[in-house]
Structure formats: structure tokens, C-alpha cells
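Coordinates from upload-v9.txt are shown below (compact mmCIF, C-alpha atoms).
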# COMPACT_ATOMS: atom_id res chain seq x y z
CA MET A 1 -15.94 9.83 -18.68
CA GLN A 2 -15.00 8.75 -22.20
CA ASN A 3 -13.89 5.22 -23.05
CA LEU A 4 -15.13 3.80 -19.75
CA GLU A 5 -16.81 0.42 -19.84
CA VAL A 6 -17.91 -0.91 -16.46
CA THR A 7 -21.06 -2.63 -15.26
CA PRO A 8 -23.33 -0.88 -12.72
CA ASP A 9 -22.08 -3.20 -9.96
CA PHE A 10 -18.42 -2.68 -11.00
CA GLY A 11 -18.12 -6.45 -11.44
CA TYR A 12 -18.66 -7.12 -7.72
CA THR A 13 -19.64 -10.78 -7.92
CA GLU A 14 -20.66 -13.24 -5.24
CA GLU A 15 -17.14 -14.67 -5.42
CA VAL A 16 -15.68 -11.25 -4.56
CA GLY A 17 -18.10 -10.97 -1.65
CA LEU A 18 -16.94 -14.34 -0.30
CA LEU A 19 -13.33 -13.22 -0.68
CA ARG A 20 -14.13 -10.08 1.29
CA GLN A 21 -15.59 -12.08 4.17
CA SER A 22 -12.70 -14.55 4.17
CA ALA A 23 -10.22 -11.66 4.35
CA ARG A 24 -12.14 -10.04 7.18
CA ASP A 25 -12.20 -13.30 9.17
CA PHE A 26 -8.48 -13.96 8.61
CA LEU A 27 -7.36 -10.44 9.44
CA ALA A 28 -9.46 -10.38 12.60
CA ASN A 29 -7.13 -13.08 13.96
CA HIS A 30 -3.83 -11.94 12.43
CA ALA A 31 -3.92 -8.13 12.32
CA GLY A 32 -5.65 -5.21 14.01
CA VAL A 33 -4.61 -2.60 16.55
CA ASP A 34 -3.65 -5.14 19.21
CA ALA A 35 -1.22 -6.87 16.86
CA LEU A 36 0.20 -3.50 15.84
CA ARG A 37 0.67 -2.48 19.46
CA LYS A 38 2.58 -5.70 20.15
CA ARG A 39 4.81 -5.11 17.16
CA ILE A 40 5.58 -1.55 18.21
CA GLY A 41 6.24 -2.65 21.77
CA ALA A 42 8.66 -5.32 20.54
CA ARG A 43 10.35 -2.77 18.33
CA VAL A 44 10.90 -0.38 21.24
CA LEU A 45 12.43 -3.22 23.26
CA HIS A 46 14.71 -4.10 20.34
CA GLU A 47 15.85 -0.52 19.98
CA GLY A 48 16.60 -0.34 23.68
CA ALA A 49 18.68 -3.51 23.39
CA GLY A 50 20.59 -2.06 20.46
CA THR A 51 19.22 -4.47 17.84
CA ARG A 52 17.62 -3.55 14.54
CA ALA A 53 14.16 -2.00 14.78
CA SER A 54 11.06 -2.61 12.67
CA GLU A 55 11.49 -6.36 12.32
CA LEU A 56 8.77 -7.89 10.17
CA ASP A 57 6.79 -10.89 11.31
CA GLY A 58 6.94 -12.75 8.02
CA SER A 59 4.56 -15.52 9.07
CA THR A 60 1.42 -13.45 8.47
CA HIS A 61 2.67 -12.30 5.08
CA ARG A 62 3.44 -15.86 4.07
CA GLN A 63 0.00 -16.98 5.17
CA LEU A 64 -1.56 -14.26 3.03
CA CYS A 65 0.48 -15.54 0.11
CA GLU A 66 -0.44 -19.17 0.80
CA LEU A 67 -4.07 -18.15 0.48
CA GLY A 68 -3.25 -16.94 -3.03
CA TRP A 69 -4.05 -13.31 -2.31
CA LEU A 70 -0.84 -11.80 -3.62
CA GLY A 71 -1.63 -13.13 -7.08
CA ILE A 72 -5.37 -12.62 -6.86
CA ASP A 73 -5.41 -10.31 -9.91
CA LEU A 74 -2.63 -11.92 -11.94
CA PRO A 75 -3.21 -14.16 -14.96
CA GLU A 76 -3.28 -17.90 -14.35
CA ALA A 77 -0.25 -18.25 -16.62
CA ALA A 78 1.71 -16.15 -14.13
CA GLY A 79 0.54 -18.21 -11.16
CA GLY A 80 -2.38 -15.95 -10.24
CA ALA A 81 -6.08 -16.46 -9.63
CA GLU A 82 -7.16 -14.06 -12.40
CA MET A 83 -10.00 -12.59 -10.31
CA GLY A 84 -9.31 -9.03 -11.45
CA THR A 85 -8.24 -5.74 -9.93
CA LEU A 86 -11.52 -5.24 -8.06
CA ALA A 87 -10.85 -8.36 -6.00
CA LEU A 88 -7.39 -7.01 -5.14
CA ALA A 89 -8.85 -3.63 -4.14
CA VAL A 90 -11.41 -5.32 -1.89
CA LEU A 91 -8.61 -7.29 -0.21
CA VAL A 92 -6.54 -4.17 0.41
CA GLU A 93 -9.63 -2.39 1.74
CA GLN A 94 -9.93 -5.08 4.41
CA MET A 95 -6.23 -4.75 5.18
CA GLY A 96 -6.74 -1.03 5.67
CA GLU A 97 -9.58 -1.74 8.07
CA ALA A 98 -7.31 -4.04 10.08
CA LEU A 99 -4.25 -1.75 9.98
CA LEU A 100 -2.22 -4.59 8.49
CA CYS A 101 1.50 -4.22 9.00
CA GLY A 102 3.37 -5.82 6.12
CA PRO A 103 4.66 -5.59 2.56
CA PHE A 104 1.58 -6.88 0.75
CA LEU A 105 0.97 -3.68 -1.21
CA VAL A 106 4.50 -3.25 -2.58
CA CYS A 107 4.85 -6.98 -3.29
CA SER A 108 1.60 -6.79 -5.24
CA LEU A 109 2.98 -3.96 -7.37
CA ALA A 110 6.22 -5.85 -7.96
CA ALA A 111 4.36 -9.01 -8.94
CA ARG A 112 2.22 -7.09 -11.41
CA ALA A 113 5.29 -5.44 -12.98
CA ILE A 114 7.06 -8.79 -13.37
CA ALA A 115 3.95 -10.47 -14.76
CA GLU A 116 3.43 -7.65 -17.29
CA GLY A 117 7.01 -6.79 -18.21
CA GLY A 118 9.02 -9.91 -17.46
CA SER A 119 10.09 -12.49 -19.98
CA ASP A 120 8.92 -16.09 -19.68
CA ALA A 121 12.23 -16.96 -18.01
CA GLN A 122 12.00 -14.04 -15.57
CA ARG A 123 8.43 -14.88 -14.60
CA ALA A 124 9.32 -18.53 -14.10
CA GLU A 125 12.32 -17.65 -11.94
CA TRP A 126 11.02 -14.71 -9.90
CA LEU A 127 7.26 -15.07 -9.43
CA PRO A 128 6.94 -18.41 -7.57
CA ALA A 129 9.07 -17.27 -4.60
CA LEU A 130 7.40 -13.85 -4.57
CA LEU A 131 3.83 -15.19 -4.72
CA SER A 132 4.55 -17.82 -2.06
CA GLY A 133 5.88 -15.20 0.37
CA HIS A 134 9.39 -16.64 0.54
CA ASP A 135 10.78 -13.65 -1.34
CA ILE A 136 9.94 -9.99 -0.74
CA THR A 137 10.44 -7.65 -3.67
CA THR A 138 9.70 -3.98 -3.09
CA VAL A 139 9.52 -1.02 -5.48
CA ALA A 140 11.54 2.22 -5.52
CA LEU A 141 9.51 4.92 -7.26
CA SER A 142 10.46 8.11 -5.39
CA GLU A 143 13.62 10.12 -6.10
CA ALA A 144 15.75 11.86 -3.47
CA ASP A 145 14.04 15.22 -4.15
CA GLY A 146 10.58 13.72 -3.77
CA SER A 147 9.77 13.55 -7.47
CA TRP A 148 8.33 10.33 -8.82
CA GLY A 149 6.94 10.67 -12.35
CA PRO A 150 8.37 8.78 -15.36
CA ASP A 151 9.78 12.05 -16.73
CA GLN A 152 11.47 12.82 -13.42
CA VAL A 153 13.52 9.63 -12.99
CA GLN A 154 17.04 10.70 -11.99
CA THR A 155 18.64 7.32 -11.38
CA GLN A 156 21.05 6.62 -14.21
CA THR A 157 22.46 3.52 -15.89
CA VAL A 158 25.84 4.03 -17.54
CA LYS A 159 27.87 1.61 -19.66
CA VAL A 160 31.38 1.15 -18.26
CA GLY A 161 33.42 -1.12 -20.46
CA SER A 162 31.42 -4.29 -20.95
CA GLU A 163 29.26 -3.65 -17.85
CA ARG A 164 26.25 -1.50 -17.12
CA LYS A 165 26.19 0.24 -13.76
CA ILE A 166 23.25 1.91 -12.06
CA SER A 167 23.58 4.85 -9.66
CA GLY A 168 21.08 6.97 -7.79
CA VAL A 169 19.13 7.45 -4.59
CA LYS A 170 15.56 6.28 -3.94
CA THR A 171 13.52 7.32 -0.90
CA HIS A 172 10.38 6.02 0.80
CA VAL A 173 11.17 2.46 -0.24
CA GLU A 174 8.87 0.29 1.89
CA TRP A 175 10.26 -2.74 3.73
CA ALA A 176 13.68 -2.50 2.07
CA ARG A 177 15.26 -3.88 5.26
CA GLN A 178 13.30 -7.11 4.92
CA ALA A 179 13.19 -7.32 1.12
CA SER A 180 15.68 -9.27 -0.96
CA HIS A 181 15.12 -7.33 -4.20
CA VAL A 182 13.86 -3.94 -5.36
CA LEU A 183 12.48 -2.81 -8.71
CA VAL A 184 14.34 0.35 -9.74
CA PRO A 185 13.42 2.61 -12.68
CA SER A 186 16.48 4.09 -14.33
CA ARG A 187 17.43 6.15 -17.36
CA ASP A 188 20.37 5.40 -19.66
CA GLU A 189 22.68 7.83 -21.49
CA GLU A 190 20.15 8.29 -24.26
CA GLY A 191 17.32 8.98 -21.82
CA THR A 192 15.60 5.63 -22.35
CA LEU A 193 13.73 4.34 -19.31
CA ALA A 194 14.21 0.82 -18.00
CA LEU A 195 13.08 -1.11 -14.95
CA TYR A 196 15.66 -3.30 -13.20
CA ARG A 197 15.33 -5.93 -10.48
CA VAL A 198 18.26 -5.28 -8.15
CA ALA A 199 19.38 -7.46 -5.23
CA LEU A 200 19.51 -5.38 -2.07
CA ASP A 201 22.63 -7.20 -0.90
CA ALA A 202 24.51 -6.45 -4.13
CA PRO A 203 27.82 -4.53 -3.91
CA GLY A 204 27.15 -0.79 -4.07
CA VAL A 205 23.66 -0.93 -2.51
CA SER A 206 23.13 0.64 0.91
CA VAL A 207 19.90 0.84 2.89
CA GLN A 208 19.17 3.44 5.58
CA ASP A 209 16.08 3.52 7.79
CA GLU A 210 13.86 6.58 7.47
CA VAL A 211 11.62 8.05 10.15
CA CYS A 212 8.08 7.09 9.14
CA VAL A 213 5.03 8.70 10.71
CA ASP A 214 3.06 5.46 10.19
CA LEU A 215 4.19 3.10 12.94
CA GLY A 216 2.85 0.14 10.96
CA ARG A 217 5.22 0.75 8.05
CA GLN A 218 8.94 0.79 7.50
CA THR A 219 10.46 3.01 4.84
CA CYS A 220 14.08 3.29 3.78
CA ARG A 221 16.46 5.33 1.70
CA VAL A 222 18.17 3.10 -0.85
CA SER A 223 21.42 4.33 -2.39
CA LEU A 224 22.93 2.69 -5.44
CA GLN A 225 26.54 3.45 -6.31
CA GLU A 226 27.65 1.90 -9.59
CA VAL A 227 25.70 -1.28 -8.99
CA VAL A 228 26.38 -3.74 -11.81
CA VAL A 229 23.23 -4.87 -13.65
CA ASP A 230 22.72 -7.02 -16.74
CA GLU A 231 20.00 -7.71 -19.28
CA GLN A 232 18.70 -10.63 -17.23
CA GLN A 233 17.69 -8.13 -14.53
CA ARG A 234 15.94 -5.77 -16.93
CA LEU A 235 12.20 -6.05 -17.48
CA GLY A 236 11.10 -5.90 -21.10
CA GLY A 237 8.37 -4.01 -22.88
CA ASP A 238 7.67 -0.28 -22.72
CA ALA A 239 9.15 0.78 -19.38
CA ARG A 240 7.35 4.12 -19.44
CA SER A 241 3.92 2.50 -19.81
CA LEU A 242 4.83 -0.09 -17.19
CA LEU A 243 5.89 2.65 -14.77
CA ARG A 244 2.71 4.66 -15.37
CA ASP A 245 0.64 1.56 -14.68
CA LEU A 246 2.60 0.92 -11.45
CA HIS A 247 1.86 4.44 -10.27
CA ALA A 248 -1.84 4.14 -11.12
CA ARG A 249 -2.10 0.80 -9.32
CA GLY A 250 -0.26 2.25 -6.36
CA TRP A 251 -2.75 5.11 -6.12
CA LEU A 252 -5.65 2.68 -6.37
CA LEU A 253 -4.31 0.39 -3.64
CA LEU A 254 -3.55 3.31 -1.33
CA ALA A 255 -7.07 4.58 -1.96
CA ALA A 256 -8.49 1.16 -1.05
CA GLU A 257 -6.37 1.07 2.10
CA ALA A 258 -7.53 4.58 3.04
CA LEU A 259 -11.16 3.59 2.45
CA GLY A 260 -10.81 0.62 4.79
CA GLY A 261 -9.14 2.77 7.44
CA ALA A 262 -11.86 5.41 7.20
CA GLU A 263 -14.53 2.74 7.65
CA THR A 264 -12.84 1.50 10.83
CA CYS A 265 -12.59 5.07 12.17
CA LEU A 266 -16.30 5.49 11.45
CA GLU A 267 -17.15 2.34 13.41
CA ILE A 268 -14.84 3.20 16.32
CA THR A 269 -16.27 6.71 16.63
CA ARG A 270 -19.88 5.54 16.22
CA GLN A 271 -19.45 2.96 18.97
CA TYR A 272 -17.82 5.50 21.27
CA ALA A 273 -20.75 7.88 20.68
CA ILE A 274 -23.09 5.10 21.83
CA ASP A 275 -21.05 4.10 24.88
CA ARG A 276 -20.01 7.54 26.16
CA ILE A 277 -22.65 8.97 28.48
CA GLN A 278 -22.86 12.72 29.12
CA PHE A 279 -25.71 14.64 30.75
CA GLY A 280 -27.50 11.36 31.27
CA LYS A 281 -27.57 10.23 27.64
CA PRO A 282 -25.18 8.88 24.96
CA ILE A 283 -23.26 11.70 23.28
CA GLY A 284 -24.45 10.29 19.95
CA ALA A 285 -27.87 11.72 20.75
CA PHE A 286 -26.53 15.26 20.29
CA GLN A 287 -26.59 16.80 16.82
CA ALA A 288 -23.06 18.18 17.22
CA VAL A 289 -21.89 14.54 17.42
CA LYS A 290 -24.27 12.67 15.12
CA HIS A 291 -23.91 15.04 12.16
CA PRO A 292 -20.10 14.69 11.83
CA ILE A 293 -20.45 10.90 12.07
CA VAL A 294 -22.99 10.91 9.23
CA ASN A 295 -20.67 13.15 7.19
CA VAL A 296 -17.89 10.59 7.64
CA MET A 297 -20.23 7.83 6.45
CA ILE A 298 -21.08 9.86 3.33
CA ALA A 299 -17.37 10.46 2.64
CA CYS A 300 -16.73 6.70 2.91
CA GLU A 301 -19.51 5.85 0.47
CA ASN A 302 -18.32 8.45 -2.03
CA SER A 303 -14.81 7.05 -1.81
CA ARG A 304 -16.03 3.47 -2.24
CA SER A 305 -17.74 4.35 -5.52
CA LEU A 306 -14.55 5.85 -6.92
CA VAL A 307 -12.28 3.07 -5.64
CA TYR A 308 -14.46 0.33 -7.11
CA ALA A 309 -14.95 2.24 -10.37
CA ALA A 310 -11.19 2.70 -10.75
CA ALA A 311 -10.58 -0.99 -10.04
CA ALA A 312 -13.23 -2.01 -12.56
CA ALA A 313 -11.60 0.26 -15.17
CA SER A 314 -8.20 -1.43 -14.91
CA GLY A 315 -6.76 -1.90 -18.37
CA GLN A 316 -8.92 0.84 -19.88
CA PRO A 317 -7.79 4.35 -20.93
CA ALA A 318 -9.72 5.90 -18.03
CA PHE A 319 -7.91 3.82 -15.39
CA GLU A 320 -5.19 6.30 -14.49
CA SER A 321 -7.59 9.24 -14.18
CA LEU A 322 -9.98 7.25 -12.02
CA ALA A 323 -7.12 5.96 -9.86
CA ARG A 324 -5.97 9.54 -9.25
CA MET A 325 -9.52 10.59 -8.37
CA ALA A 326 -9.99 7.62 -6.04
CA LYS A 327 -6.71 8.36 -4.25
CA ALA A 328 -7.60 12.03 -3.77
CA CYS A 329 -11.13 11.29 -2.55
CA ALA A 330 -10.23 8.39 -0.23
CA SER A 331 -7.26 10.23 1.28
CA GLU A 332 -9.48 13.19 2.08
CA ALA A 333 -12.13 10.90 3.55
CA TYR A 334 -9.55 9.12 5.74
CA ASN A 335 -8.14 12.41 7.00
CA PHE A 336 -11.64 13.67 7.72
CA ALA A 337 -12.60 10.42 9.51
CA THR A 338 -9.53 10.53 11.77
CA ASP A 339 -9.97 14.25 12.45
CA ARG A 340 -13.61 13.81 13.50
CA GLY A 341 -12.69 10.69 15.44
CA VAL A 342 -10.03 12.49 17.46
CA GLN A 343 -12.33 15.43 18.12
CA LEU A 344 -15.34 13.37 19.17
CA HIS A 345 -13.25 11.24 21.51
CA GLY A 346 -12.35 14.44 23.38
CA GLY A 347 -9.08 14.54 25.32
CA PHE A 348 -8.83 10.75 25.11
CA GLY A 349 -8.60 11.00 21.32
CA PHE A 350 -5.15 12.60 21.49
CA THR A 351 -3.62 9.84 23.61
CA TRP A 352 -1.64 6.74 22.75
CA ASP A 353 -4.38 4.55 24.22
CA CYS A 354 -6.98 5.63 21.66
CA ASP A 355 -7.00 3.45 18.52
CA ILE A 356 -7.78 6.48 16.33
CA HIS A 357 -4.20 7.55 17.04
CA PHE A 358 -2.81 4.84 14.71
CA HIS A 359 -5.28 5.62 11.93
CA TYR A 360 -4.47 9.31 12.18
CA LYS A 361 -0.80 8.60 11.48
CA ARG A 362 -1.56 6.17 8.66
CA ALA A 363 -3.85 8.75 7.05
CA LEU A 364 -1.01 11.28 7.20
CA TRP A 365 1.32 8.84 5.46
CA ILE A 366 -1.15 7.88 2.74
CA ASN A 367 -1.97 11.50 2.06

For the structure just supplied, provide its representation as C-alpha cells.
Amino acid sequence: MQNLEVTPDFGYTEEVGLLRQSARDFLANHAGVDALRKRIGARVLHEGAGTRASELDGSTHRQLCELGWLGIDLPEAAGGAEMGTLALAVLVEQMGEALLCGPFLVCSLAARAIAEGGSDAQRAEWLPALLSGHDITTVALSEADGSWGPDQVQTQTVKVGSERKISGVKTHVEWARQASHVLVPSRDEEGTLALYRVALDAPGVSVQDEVCVDLGRQTCRVSLQEVVVDEQQRLGGDARSLLRDLHARGWLLLAAEALGGAETCLEITRQYAIDRIQFGKPIGAFQAVKHPIVNVMIACENSRSLVYAAAAASGQPAFESLARMAKACASEAYNFATDRGVQLHGGFGFTWDCDIHFHYKRALWIN
């Protein structure tokens, strides 16, 4: 690929390896299928009692932020650790392995947008609370008809008297119920794109829960009806380039999450093939079982190469293309891993009690 400059190891340093192990240790105690089952059980109880569903346990998210992970790839001037995009991808990969339930991914995108497009005053005001976990800012990139590209933005900002008002509908906005702000791309009368930070409790903003196939996520439909915005809420710079970079980073992080999920499915299925005895021997001894498991392993390794290459290419012209490729490859690998996992678990694989069940639904959402 032209204009691609990465080292053979993609910049995977010893420091990144230590970060990976720290993330794995932390998430083993604060995430995983058991934690997700408890959250879903609590949600069902809340729904039965008539209270709001999908409540977020903010303590884990705040602990992630206290460790400095939300700003792991941001410049030091913006309050980050400046470890690069590969470190962030490795973190999200571990979160995918642990089926983390929380707004880390969208908050990471919001933090990057503010760090890149915000003024000094905006960064100083908005980033500390976001990076510490005391503020949740999500992103609204999908239109009501499912379109999402910079050329397909339908939300409009119109000047009414001395005020500017934004109107439109955004779908699949993650954690909008728990967030305080949302980044909204909009187009003015002349067709110029802009990115605004809008308070979700502002007059004219309404939030409706959506049905999400991934039980570890919450998505919402956010409607904006003549919501007043000002220049202090508008990010600077080239909004089109900023939006394209947000999309590319989103694809990369979803690819990393899918890679982690596929790896967990591989391990779950491999262990089951060792433990499950049939005809006097582990079912993993049969070629009809071992070959699909090996194929899943190969799919994971192929995906890892693309995910790490895309992360290492951040900031280069090839970044967007590699991010797209990584997302396509990792999504396919995750779907394949869950499909083989369900099949090789037999009838048990289709039940609520099988952990593959949760990965299957997350793979559907990521795809």
C-alpha cells in the first residue's frame, strides 16, 4: 500500500505489552460474562419495577479513566499519555475479550475529536471531566435513515434572528441516557459541515431508548428540535476531515473489540472441546471439531495483523483504508468464531447459559 510507513512490529513495544497485561488483569476483576449477567439481571428487575432500564455502573468506567486509559493516545498537552493509537487498540481488544459494558469507545472518540478540533479554551474546559470519567460525552454519527458519511449528514443548523438552531434526528447513539453531552455533525444553509457539542438536557433535545441486540450496550434515538447552539459549542478546524477521522477511528476500535471477542470465543470453544467427552474421548480429537477451531485461530491472527497495521498507520494517508479493511476482516472473524462456537457446543450453544450467546449478539451488533 502506498504512503504506508510502519515498522515490522507495528510499534508494539514492551510498554504496550505491559499495558496489555495490566488491562487483562483489571478487566478480569471488573468485567466479563458474570458481570454482564448481573447487569442484565438487574436491568430486568428494574424494568419489572417500572424504573429506567440499562443503568450504567459508572464506577468501572471511572476507574478506567483514573488509570489514564481514556487518554492513552492523546497528546500530553491535552491531558493524555501520548502512547499512540496502537496502545488504544490493544486496550479495546482486551475490553472486547472481557465483553466490557460501558461507554469507553464513544468517550474515546469524543476525546479525540475535542483534542483535535477544540480550541485551547474548549480543551481546557471539556477534557478534564471527560478524561477523569466524571463526564460522559457520546457521538451521534448515524442519521435516521441509517446513512452516516460526511456527505450524507442531514442534521441542519439554521440561523434564526441572532441565534443558531440545530434540528435533526440521530440514531444508534450509544449511552445517550447516561451521557451529559453529545457531539453532533450538522450542515448549515450553505452546506458547510460543523461539529457541535450539545448538552443532552438542553431544551429541544429528546432521547428515546432503542432495542439493541447487544445486551451489553445501550443505544438511543436522539431528536433535536431547534436546539440553540453558539460558537462556543462548535469545534474548529476542518469538520469534514475531523468527521472522516472519527469514522476511521470508530472502525478501528470496533475491529479491535471484535478481535478480542473472537479470541475469547476461540478459547471458550477450545476448552469445551477438551472437556466434552463423546465416544470415550474429548470431541476435540475429531477432525470435524479441531479443523473449525484452527480456522477460527487463523481468522483471529489475520485480523490482528490488520488491526495493528491500521493502528500503526494512524495519521498517515493509508489509515482510513486500513481501518476499513481491519473492520471488515475482524467483523467476519468474530461472526465466524461465534458461529463455530455455537455449532460446536451443540444444543447447549443456543441457550442463555452458554457464554457464546453474548458474543454472538455483540458480533451481530459490530457487523

For this session: Between atom CA of A:Ser180 and atom CA of A:Lys165, measure the distance and give it in Å to one decimal.
Result: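 These atoms are spaced 19.1 Å apart.
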
Using all atoms listed in the file, tabulate the residues of stretch 149-233 of chain A lying at most 8 Å from any atom of stretch 362-365 of chain A, each with its closest atom pair and that distance in Å to one decimal, by chain and increasing residue number, as CSV.
residue,atom,partner,partner_atom,distance
A:Cys212,CA,A:Trp365,CA,7.9
A:Val213,CA,A:Trp365,CA,6.4
A:Asp214,CA,A:Arg362,CA,4.9
A:Leu215,CA,A:Arg362,CA,7.8
A:Gly216,CA,A:Arg362,CA,7.8

Exercise. If I put a ball of radius 10 Å at (13.9, 7.4, -17.0) in the file's coordinates, which residues poke into it when counting only C-alpha atoms, written as a ChimeraX atom specification?
Worked result: /A:149-157,185-195,239-240,243

For this session: Measure the distance from atom CA of A:Lys159 to atom CA of A:Leu183 in Å and round it to one decimal.
Result: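 A separation of 19.4 Å between them.
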
Please produce, as a tab-separated table, a per-residue contact table for stretch 224-318 of chain A versus stretch 93-107 of chain A (criterion: any atom at most 12 Å away, all atoms listed in the file considered), showing the nearest atom pair and its distance in Å to one decimal, sorted by chain then residue number.
residue	atom	partner	partner_atom	distance
A:Leu246	CA	A:Val106	CA	10.0
A:His247	CA	A:Val106	CA	11.2
A:Arg249	CA	A:Leu105	CA	9.8
A:Gly250	CA	A:Leu105	CA	7.9
A:Trp251	CA	A:Leu105	CA	10.7
A:Leu252	CA	A:Glu93	CA	10.4
A:Leu253	CA	A:Leu105	CA	7.1
A:Leu254	CA	A:Leu105	CA	8.3
A:Ala255	CA	A:Glu93	CA	8.3
A:Ala256	CA	A:Glu93	CA	4.7
A:Glu257	CA	A:Gly96	CA	4.2
A:Ala258	CA	A:Gly96	CA	6.2
A:Leu259	CA	A:Glu93	CA	6.2
A:Gly260	CA	A:Glu97	CA	4.2
A:Gly261	CA	A:Glu97	CA	4.6
A:Ala262	CA	A:Glu97	CA	7.6
A:Glu263	CA	A:Glu97	CA	6.7
A:Thr264	CA	A:Glu97	CA	5.4
A:Cys265	CA	A:Glu97	CA	8.5
A:Leu266	CA	A:Glu97	CA	10.4
A:Glu267	CA	A:Glu97	CA	10.1
A:Ile268	CA	A:Glu97	CA	11.0
A:Cys300	CA	A:Glu93	CA	11.6
A:Ser303	CA	A:Glu93	CA	11.3
A:Arg304	CA	A:Glu93	CA	9.5
A:Val307	CA	A:Glu93	CA	9.6
A:Tyr308	CA	A:Glu93	CA	10.4
A:Ala311	CA	A:Glu93	CA	11.9
